[in-house]
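my_file-v7.pdb (PDB, C-alpha atoms and all ligand atoms) appears below.
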ATOM      1  CA  MET A   1     -15.472  34.587 -25.344  1.00  0.00           C
ATOM      2  CA  LEU A   2     -17.799  37.295 -24.117  1.00  0.00           C
ATOM      3  CA  CYS A   3     -17.351  39.700 -21.237  1.00  0.00           C
ATOM      4  CA  ARG A   4     -18.193  38.190 -17.837  1.00  0.00           C
ATOM      5  CA  HIS A   5     -20.097  41.289 -16.847  1.00  0.00           C
ATOM      6  CA  CYS A   6     -22.129  42.567 -19.778  1.00  0.00           C
ATOM      7  CA  ASP A   7     -22.016  39.314 -21.767  1.00  0.00           C
ATOM      8  CA  ARG A   8     -22.287  41.336 -24.971  1.00  0.00           C
ATOM      9  CA  ARG A   9     -18.826  42.497 -26.010  1.00  0.00           C
ATOM     10  CA  PRO A  10     -15.808  40.269 -26.544  1.00  0.00           C
ATOM     11  CA  VAL A  11     -13.234  39.974 -23.759  1.00  0.00           C
ATOM     12  CA  ALA A  12     -10.515  42.522 -24.360  1.00  0.00           C
ATOM     13  CA  ARG A  13      -8.911  42.928 -20.956  1.00  0.00           C
ATOM     14  CA  SER A  14      -7.811  40.682 -18.094  1.00  0.00           C
ATOM     15  CA  ARG A  15     -10.361  39.371 -15.577  1.00  0.00           C
ATOM     16  CA  GLY A  16     -12.534  38.247 -18.485  1.00  0.00           C
ATOM     17  CA  LEU A  17     -13.962  41.740 -19.006  1.00  0.00           C
ATOM     18  CA  CYS A  18     -14.493  43.812 -22.094  1.00  0.00           C
ATOM     19  CA  TRP A  19     -12.714  47.118 -22.472  1.00  0.00           C
ATOM     20  CA  SER A  20     -15.501  49.366 -21.183  1.00  0.00           C
ATOM     21  CA  CYS A  21     -16.390  47.129 -18.223  1.00  0.00           C
ATOM     22  CA  PHE A  22     -12.744  46.830 -17.235  1.00  0.00           C
ATOM     23  CA  TYR A  23     -12.353  50.594 -17.184  1.00  0.00           C
ATOM     24  CA  THR A  24     -15.505  51.046 -15.098  1.00  0.00           C
ATOM     25  CA  PRO A  25     -14.068  50.823 -11.551  1.00  0.00           C
ATOM     26  CA  THR A  26     -17.285  49.691  -9.875  1.00  0.00           C
ATOM     27  CA  VAL A  27     -17.587  46.863 -12.381  1.00  0.00           C
ATOM     28  CA  ARG A  28     -13.914  45.901 -12.304  1.00  0.00           C
ATOM     29  CA  ASP A  29     -13.921  45.632  -8.505  1.00  0.00           C
ATOM     30  CA  ARG A  30     -16.596  42.985  -8.695  1.00  0.00           C
ATOM     31  CA  TYR A  31     -14.347  40.706 -10.716  1.00  0.00           C
ATOM     32  CA  PRO A  32     -11.086  39.863  -8.978  1.00  0.00           C
ATOM     33  CA  PRO A  33      -8.102  39.081 -11.184  1.00  0.00           C
ATOM     34  CA  LEU A  34      -8.059  35.591 -12.566  1.00  0.00           C
ATOM     35  CA  SER A  35      -5.386  33.291 -11.271  1.00  0.00           C
ATOM     36  CA  THR A  36      -1.869  34.266 -12.252  1.00  0.00           C
ATOM     37  CA  GLN A  37      -0.832  30.613 -12.170  1.00  0.00           C
ATOM     38  CA  ASN A  38      -1.088  30.249 -15.914  1.00  0.00           C
ATOM     39  CA  ARG A  39       0.987  33.258 -16.882  1.00  0.00           C
ATOM     40  CA  GLY A  40       4.321  32.832 -18.568  1.00  0.00           C
ATOM     41  CA  LEU A  41       5.737  30.168 -20.776  1.00  0.00           C
ATOM     42  CA  GLY A  42       5.203  26.772 -19.261  1.00  0.00           C
ATOM     43  CA  MET A  43       4.418  28.261 -15.874  1.00  0.00           C
ATOM     44  CA  GLY A  44       1.806  26.704 -13.683  1.00  0.00           C
ATOM     45  CA  ARG A  45       1.651  23.660 -15.850  1.00  0.00           C
ATOM     46  CA  LYS A  46       1.545  20.588 -13.712  1.00  0.00           C
ATOM     47  CA  ARG A  47       3.898  17.869 -14.787  1.00  0.00           C
ATOM     48  CA  LEU A  48       3.478  14.289 -13.796  1.00  0.00           C
ATOM     49  CA  PRO A  49       6.296  12.553 -11.973  1.00  0.00           C
ATOM     50  CA  CYS A  50       8.367  10.178 -14.037  1.00  0.00           C
ATOM     51  CA  GLU A  51       9.948   6.831 -13.306  1.00  0.00           C
ATOM     52  CA  PRO A  52      13.709   6.829 -12.704  1.00  0.00           C
ATOM     53  CA  CYS A  53      15.800   5.380 -15.526  1.00  0.00           C
ATOM     54  CA  ASP A  54      19.312   4.000 -15.634  1.00  0.00           C
ATOM     55  CA  ALA A  55      20.265   5.434 -19.041  1.00  0.00           C
ATOM     56  CA  ILE A  56      23.492   7.447 -18.934  1.00  0.00           C
ATOM     57  CA  PRO A  57      23.008  11.170 -19.721  1.00  0.00           C
ATOM     58  CA  GLY A  58      23.994  12.093 -23.277  1.00  0.00           C
ATOM     59  CA  THR A  59      23.340   8.645 -24.667  1.00  0.00           C
ATOM     60  CA  PRO A  60      20.704   8.002 -27.352  1.00  0.00           C
ATOM     61  CA  GLU A  61      18.868   5.842 -24.840  1.00  0.00           C
ATOM     62  CA  LYS A  62      18.637   8.707 -22.363  1.00  0.00           C
ATOM     63  CA  ILE A  63      17.487  11.095 -25.093  1.00  0.00           C
ATOM     64  CA  ARG A  64      14.788   8.620 -26.053  1.00  0.00           C
ATOM     65  CA  VAL A  65      13.681   8.451 -22.409  1.00  0.00           C
ATOM     66  CA  LEU A  66      13.525  12.258 -22.252  1.00  0.00           C
ATOM     67  CA  MET A  67      11.492  12.383 -25.465  1.00  0.00           C
ATOM     68  CA  GLU A  68       9.045   9.844 -24.086  1.00  0.00           C
ATOM     69  CA  ARG A  69       8.710  11.776 -20.842  1.00  0.00           C
ATOM     70  CA  ALA A  70       8.135  15.021 -22.739  1.00  0.00           C
ATOM     71  CA  ALA A  71       5.510  13.351 -24.906  1.00  0.00           C
ATOM     72  CA  ARG A  72       3.700  12.189 -21.772  1.00  0.00           C
ATOM     73  CA  GLU A  73       4.071  15.687 -20.237  1.00  0.00           C
ATOM     74  CA  GLN A  74       6.054  14.231 -17.365  1.00  0.00           C
ATOM     75  CA  GLU A  75       8.948  15.742 -15.472  1.00  0.00           C
ATOM     76  CA  LEU A  76      12.024  15.319 -17.627  1.00  0.00           C
ATOM     77  CA  PHE A  77      14.357  14.398 -14.805  1.00  0.00           C
ATOM     78  CA  HIS A  78      14.068  12.139 -11.807  1.00  0.00           C
ATOM     79  CA  GLU A  79      16.385  12.395  -8.832  1.00  0.00           C
ATOM     80  CA  HIS A  80      17.118   8.683  -9.082  1.00  0.00           C
ATOM     81  CA  ASP A  81      18.037   8.813 -12.774  1.00  0.00           C
ATOM     82  CA  ALA A  82      21.473   7.407 -13.488  1.00  0.00           C
ATOM     83  CA  GLY A  83      24.054  10.181 -13.529  1.00  0.00           C
ATOM     84  CA  HIS A  84      21.662  12.773 -12.135  1.00  0.00           C
ATOM     85  CA  LEU A  85      23.350  15.837 -10.672  1.00  0.00           C
ATOM     86  CA  SER A  86      22.530  15.000  -7.048  1.00  0.00           C
ATOM     87  CA  SER A  87      23.937  11.477  -7.287  1.00  0.00           C
ATOM     88  CA  SER A  88      27.138  12.614  -9.045  1.00  0.00           C
ATOM     89  CA  LEU A  89      27.663  15.238  -6.355  1.00  0.00           C
ATOM     90  CA  ALA A  90      27.242  12.547  -3.743  1.00  0.00           C
ATOM     91  CA  LEU A  91      29.911  10.456  -5.459  1.00  0.00           C
ATOM     92  CA  ALA A  92      32.314  13.389  -5.671  1.00  0.00           C
ATOM     93  CA  SER A  93      32.272  14.124  -1.949  1.00  0.00           C
TER      94      SER A  93
HETATM   95 ZN    ZN B 101     -18.455  44.079 -20.571  1.00  0.00          ZN
END

Let's see the structure in the file written out as structure tokens.
Amino acid sequence: MLCRHCDRRPVARSRGLCWSCFYTPTVRDRYPPLSTQNRGLGMGRKRLPCEPCDAIPGTPEKIRVLMERAAREQELFHEHDAGHLSSSLALAS
């Protein structure tokens, strides 16, 4: 990927700029920072909602459900899953 400004040198700094463009203030000011949404491990990654399941947590069936959800890049847990934290708290009160 080449620098967004000079389009000659490879990108070496944030904002898609090469080293010398990044450290040229007048150039850097023209290119606002790229979104910080994608920083960090797994951050900013949209997950699809999953369907609730009635497999009991800790069972092979539940683990299989979690593996399938992970493979589809879905949320791993659904609030209506059997034995989900919110429903067990509701039972305890
Ligand atoms: Zn440049």

If you apply the PyMOL selection byres (((not hetatm)) within 9 of (chain B and resi 101)) to this file, what residues do you get, as a ChimeraX atom specification? /A:2-12,16-22,27

Residue nearest Glu79 of chain A among A:Asp54, A:Pro60, A:Ser14, A:Thr26 (counting all atoms listed in the file): A:Asp54

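Reported to one decimal place, the separation of atom CA of Arg47 of chain A from atom CA of Val65 of chain A is 15.6 Å.
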
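The closest residue to Arg15 of chain A, picked from A:His78, A:Ile56, A:Arg28, A:Glu73 and counting all atoms listed in the file, is A:Arg28.
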
How big is the axis-aligned box around all listed atoms of segment 59-64 of chain A once 3 Å goes on each side, and where's its centre, in Å to one decimal, as AutoDock Vina command-line options?
--center_x 19.1 --center_y 8.5 --center_z -24.9 --size_x 14.6 --size_y 11.3 --size_z 11.0

When the PyMOL selection byres (((chain A and resi 49) around 12) and not hetatm) is applied to the structure above, which residues does it catch, written out as a CSV table (one decimal) with C-alpha atoms, in the frame of the given file?
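The new file selection_12.csv reads:
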chain,number,residue,atom,x,y,z
A,46,LYS,CA,1.5,20.6,-13.7
A,47,ARG,CA,3.9,17.9,-14.8
A,48,LEU,CA,3.5,14.3,-13.8
A,50,CYS,CA,8.4,10.2,-14.0
A,51,GLU,CA,9.9,6.8,-13.3
A,52,PRO,CA,13.7,6.8,-12.7
A,69,ARG,CA,8.7,11.8,-20.8
A,70,ALA,CA,8.1,15.0,-22.7
A,72,ARG,CA,3.7,12.2,-21.8
A,73,GLU,CA,4.1,15.7,-20.2
A,74,GLN,CA,6.1,14.2,-17.4
A,75,GLU,CA,8.9,15.7,-15.5
A,76,LEU,CA,12.0,15.3,-17.6
A,77,PHE,CA,14.4,14.4,-14.8
A,78,HIS,CA,14.1,12.1,-11.8
A,79,GLU,CA,16.4,12.4,-8.8
A,80,HIS,CA,17.1,8.7,-9.1

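Using only C-alpha atoms, the smallest distance between any of A:Ala82, A:Pro32, A:Arg13, A:Ala71 and Gly58 of chain A comes from A:Ala82.
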
In Å, with one decimal, what is the gap from atom CA of Met1 of chain A to atom CA of Tyr31 of chain A?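 Atom-to-atom, atom CA of Met1 of chain A and atom CA of Tyr31 of chain A are spaced 15.9 Å apart.
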